[in-house]
Structures are given as structure tokens and as C-alpha cells.
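Below is one structure, written out as C-alpha cells, with a few remarks after it.
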Amino acid sequence: MSVVLCSWGDAIEGGTEETLSLAGRLARATGQELNWLVIGALGTAAAGIAPRYGVAHLDHVADGAAGPDALVATIAAYCAEHGPKTILFNQTLAARLIAPRLAGRLGVPVVTNGFDVTPSDGGLSVRATAYGGDTHVVYRLAAPVNVISIVSTTLIAEAAAAPTATVTRVIAGAAATPERLTVVSAPRATGPRLEDADVIVSGGRGLGSASNYELVKEFAGLIGAMHGASRAIVDDGWIDSSRQVGLTGKITRPGLYIAVGISGASQHMAGCSAAKTIVAINKDRDASIYRYARYGIAADCLEVMPELIKIARASKS
Ligand SMILES: Cc1cc2nc3c(=O)[nH]c(=O)nc-3n(C[C@H](O)[C@H](O)[C@H](O)COP(=O)(O)OP(=O)(O)OC[C@H]3O[C@@H](n4cnc5c(N)ncnc54)[C@H](O)[C@@H]3O)c2cc1C
């Protein structure tokens, strides 16, 4: 009997260690083994982390294809062979595609947006956000096998009391099959990822227009930050979706998050509330963002941003 976390790609995604920590707690509470299925090049990086979280087996698929169909096939084949009881995902954008499809393939329940999993009455109790993030619900899962996708923003990565001697097992990937979905328009973003940024300046509808979003970009550039956005302005086409922070965008964990003209809707905060420090620039003192911000400038962002840009330029020269 085991709990397994499924990961893939070239690098360890933000939130992976937090999810491993949750997985370890669940495994210990249910007397199960914690295993980590890793597909692709991140095997070496995973080997450095796994012992800290009490991983018994690092199951490495070195030759796994990266498309959603191939990943679902590989994870389903792994589940058929190793029979994990709880199959966990760190809820990245890609995991949102994979977890429900895997559950469908296995014919087992799936819960997405989970943030806590505990044993309950012989089954599992999963706390999750619902209705776009506004509500917390508790799902009681009684099925023998369950798929759960974890939003890690509220979790803290806590190492197990003692590191384990993790055993690496080499697992074969599923035979290559053509992907049913073809990406016709790839994300335009290149370079560093928002999820890895230490400082983010994000803009929202309070900026008033796409051209004013340039203020956010310029300020971010001057202070060595990445620029992000609320969904409202992504939907309006001011900036491409690779910059969207939130429940249906990127889950970020920067040291500093500066929100410019952003209301602080729960769906947006789902992607940035794990920031160490949030600074809000919003002219409405009652805006929700002030419930999360450590510092605030309650003023017109179109007046504040040019001043901040001047200061940032001056400090560079
Ligand atoms: C299922 C679902 C998923 C969602 N996923 C996401 C997501 O991933 N990310 C996301 O961001 N949203 C998401 N949303 C949308 C979310 O609910 C909000 O609608 C959105 O975040 C609002 O964006 P905003 O704060 O930029 O705009 P608004 O809500 O319009 O807020 C603009 C803010 O700017 C302030 N303002 C106006 N003018 C100025 C000025 N001149 N100076 C300073 N402040 C000013 C206003 O006081 C206001 O607080 C989702 C919604 C649903 C239902």
C-alpha cells in the first residue's frame, strides 16, 4: 500500500516539496509507504530531495514522453503495476490536465484544488477550495483508490523527522502513442518562469488600459522583477496568458509581490498569497487586496507608478 506523488518535466516545479511534505504526513498517518513517480529529466534533482521527505522509492521513468496522453498512459501503467492507494499531484497547469484524465482512465474518484488530506473513517478527508476559490469544502473519499491534486500555496515544506534511504527504481514508460491534442498556438513566453520569480509586479484592470500596463513592465524591468497580471486583463488581451497569476493561471511564491490596480479576488490570491510580502497599490481602501497586503499605497496607480519608475531609474544611475 502506498501514497505516490507524480511529477514530470525538466525541473522541480514550485510546490513540489510542499506536496511531498503533505504526502509524507499522509503516508505516516495511514501506515503506508511514500513513493515518488518521476517522469523525465528531473530524476537527478528529485534524488537530492526525496530522502528529506521520507520517500521510500523514487520510481524514475527516464524515457517518458511529455505529452498529456503519454503521461496519462505511463502513470496508469505504473498504477496498474504498483497499486498505489492515493495518487497525488502538485497542481500545476499541466497537472490540471492529467489528474482528471488519469482518474477517468483508472475509474476512480478525483478531487482537484485540495490543500489538506487526512485519514478519516477508513477513507480520506480532503479539504479543497470550490466555486472558483471562494469556498472551502471537505470531501470524504471512501473508494479504495483516489486521485488528488494539491494546491500548495498554503502548505509549508516540512522535512520528515529523519531522512530515509530512498531506493531508486527504474520504471519503463508507456509505449509512444500519437497525442490526440495538438498545440496549435504555443504560449509566447520564453525565458524565466513566473513560478520561479523572487519578485513579481502584477497589473490589473485598475491600470485602465493595455498601454498603461507598460508602466508595470517598465517598473518590473528596473527592479529585476517579472511582470504578472490578473485574469481580467489577460481576458481583455492586454497581456498573454503566460503572465496570469491565480487559480487558473500561475501559482507563484515570490519573496515580494506588488499588485497594481488589482482587487484581490480569491481566484487571483490563490496564485500569490504564498508570497512572503505583498504590497498593494489600489485607490480603494476597502479593496480585498488590503486583507493580504503587508504594505499598501491607497492612491491612483497611474500617479504612483511613474513616481516609482523615477525612483527606480535614479537608484540605478
Ligand atoms: C473560476 C474562476 C477562475 C478565476 N481565475 C482567476 C485567476 O487565475 N487569476 C485572476 O486574476 N482572476 C481569476 N478569476 C477572476 C477573478 O474573480 C477577478 O475577476 C479578477 O481577478 C479581477 O481582476 P482585477 O483585480 O484586475 O480587476 P477588478 O476586479 O476590476 O479590480 C480592479 C481594482 O483596481 C482598483 N483600481 C481602479 N482604478 C485604479 C487606479 N487608477 N489606481 C489604483 N487602483 C485602481 C479598483 O479599486 C479595483 O480594486 C477567476 C474567476 C473565476 C470565476
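Quick note on naming: the chains in the C-alpha cells go A, B, ... in the order shown, residues restart at 1 in each chain, and ligands are numbered from 1 in order of appearance.
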Please tabulate, as CSV, the residues of chain A that come within 8 Å of ligand 1, each with its closest pair of atoms and the distance in Å to one decimal, counting only C-alpha atoms and all ligand atoms and ordering rows by chain, then residue number upward.
```
residue,atom,partner,partner_atom_place_in_ligand_line,distance
A:Tyr131,CA,ligand 1,1 (C),6.7
A:Gly132,CA,ligand 1,1 (C),4.0
A:Gly133,CA,ligand 1,1 (C),7.4
A:Gly203,CA,ligand 1,26 (O),6.7
A:Gly204,CA,ligand 1,26 (O),3.2
A:Arg205,CA,ligand 1,26 (O),3.9
A:Gly206,CA,ligand 1,37 (C),3.3
A:Leu207,CA,ligand 1,41 (N),5.8
A:Gly208,CA,ligand 1,38 (N),6.6
A:Ala229,CA,ligand 1,11 (O),6.7
A:Ser230,CA,ligand 1,11 (O),3.3
A:Arg231,CA,ligand 1,11 (O),3.9
A:Ala232,CA,ligand 1,23 (O),4.4
A:Ile233,CA,ligand 1,26 (O),6.2
A:Gln244,CA,ligand 1,9 (N),6.0
A:Val245,CA,ligand 1,9 (N),5.1
A:Gly246,CA,ligand 1,8 (O),3.2
A:Leu247,CA,ligand 1,8 (O),3.9
A:Thr248,CA,ligand 1,8 (O),3.6
A:Gly249,CA,ligand 1,8 (O),4.3
A:Lys250,CA,ligand 1,8 (O),7.1
A:Val260,CA,ligand 1,43 (C),6.6
A:Gly261,CA,ligand 1,34 (O),3.6
A:Ile262,CA,ligand 1,25 (O),3.5
A:Ser263,CA,ligand 1,49 (O),3.3
A:Gly264,CA,ligand 1,25 (O),5.6
A:Ala265,CA,ligand 1,21 (O),5.0
A:Ser266,CA,ligand 1,17 (O),6.6
A:Gln267,CA,ligand 1,6 (C),4.5
A:His268,CA,ligand 1,11 (O),3.7
A:Met269,CA,ligand 1,11 (O),7.4
A:Ala270,CA,ligand 1,8 (O),7.4
A:Gly271,CA,ligand 1,8 (O),6.8
A:Ile281,CA,ligand 1,43 (C),5.7
A:Asn282,CA,ligand 1,44 (N),3.5
A:Lys283,CA,ligand 1,43 (C),4.2
A:Asp284,CA,ligand 1,47 (O),4.4
A:Arg285,CA,ligand 1,47 (O),7.9
A:Ala287,CA,ligand 1,49 (O),5.1
A:Ser288,CA,ligand 1,49 (O),7.3
A:Ile289,CA,ligand 1,49 (O),7.5
A:Ala298,CA,ligand 1,43 (C),7.3
A:Ala299,CA,ligand 1,43 (C),5.8
A:Asp300,CA,ligand 1,42 (N),3.5
A:Cys301,CA,ligand 1,42 (N),3.8
A:Leu302,CA,ligand 1,41 (N),5.7
A:Glu303,CA,ligand 1,42 (N),7.9
```
Could you give me, as a ChimeraX atom specification, each residue of region 12-75 of chain A that DSSP assigns to strand (DSSP E or B) when run on this structure's backbone? /A:33-39,57-61
Residue selection dump (C-alpha atoms) as a PDB file, in the first residue's frame:
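Okay, this is what ended up in part08.pdb:
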```
ATOM      1  CA  GLU A  33       4.898   3.821   2.020  1.00  0.00           C
ATOM      2  CA  LEU A  34       5.565   7.160   0.294  1.00  0.00           C
ATOM      3  CA  ASN A  35       6.765   6.742  -3.284  1.00  0.00           C
ATOM      4  CA  TRP A  36       7.557   9.393  -5.872  1.00  0.00           C
ATOM      5  CA  LEU A  37       6.981   8.701  -9.557  1.00  0.00           C
ATOM      6  CA  VAL A  38       9.230  10.990 -11.567  1.00  0.00           C
ATOM      7  CA  ILE A  39       8.963  11.076 -15.352  1.00  0.00           C
ATOM      8  CA  HIS A  57      11.050   4.583  -3.592  1.00  0.00           C
ATOM      9  CA  LEU A  58      11.947   7.099  -6.244  1.00  0.00           C
ATOM     10  CA  ASP A  59      10.349   5.484  -9.287  1.00  0.00           C
ATOM     11  CA  HIS A  60      12.073   7.006 -12.282  1.00  0.00           C
ATOM     12  CA  VAL A  61      10.826   6.847 -15.855  1.00  0.00           C
TER      13      VAL A  61
END
```
For Ser149 (chain A), please output as a ChimeraX atom specification all residues within 9 Å (counting only C-alpha atoms; exclusion window: fewer than 6 positions along the same chain). /A:87-92,95-96,99-100,110-115
For Thr86 (chain A), the nearest of the candidates A:Val3, A:Val108, A:Leu71, A:Leu124, counting only C-alpha atoms: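 Result for the nearest residue to Thr86 (chain A): A:Val3.
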Just how far from CA of Glu214 (chain A) is CA of Ala275 (chain A), in Å to one decimal? 23.1 Å
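Close contacts of region 135-144 of chain A, defined as residues with an atom at most 8 Å away when counting only C-alpha atoms, with chain neighbours fewer than 6 positions off set aside, comprise Lys85, Val108, Pro109, Val111, Ser120, Gly122, Gly123, Leu124, Ser125, Val126, Arg127, Ala128 and Thr129 of chain A.
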Quick one: of A:Pro178, A:Gly221, A:Gly255, A:Gly237, who's nearest to Pro68 (chain A), counting only C-alpha atoms?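 For Pro68 (chain A), the nearest of the candidates is A:Pro178.
By chain and then residue number, the residues within 10 Å of Ile278 (chain A) are Ile200, Val201, Pro254, Gly255, Leu256, Tyr257, Ile258, Ala259, Cys272, Ile289, Tyr290, Tyr292, Ala293, Arg294, Tyr295 and Gly296 of chain A, counting only C-alpha atoms and disregarding those fewer than 6 positions away in sequence.
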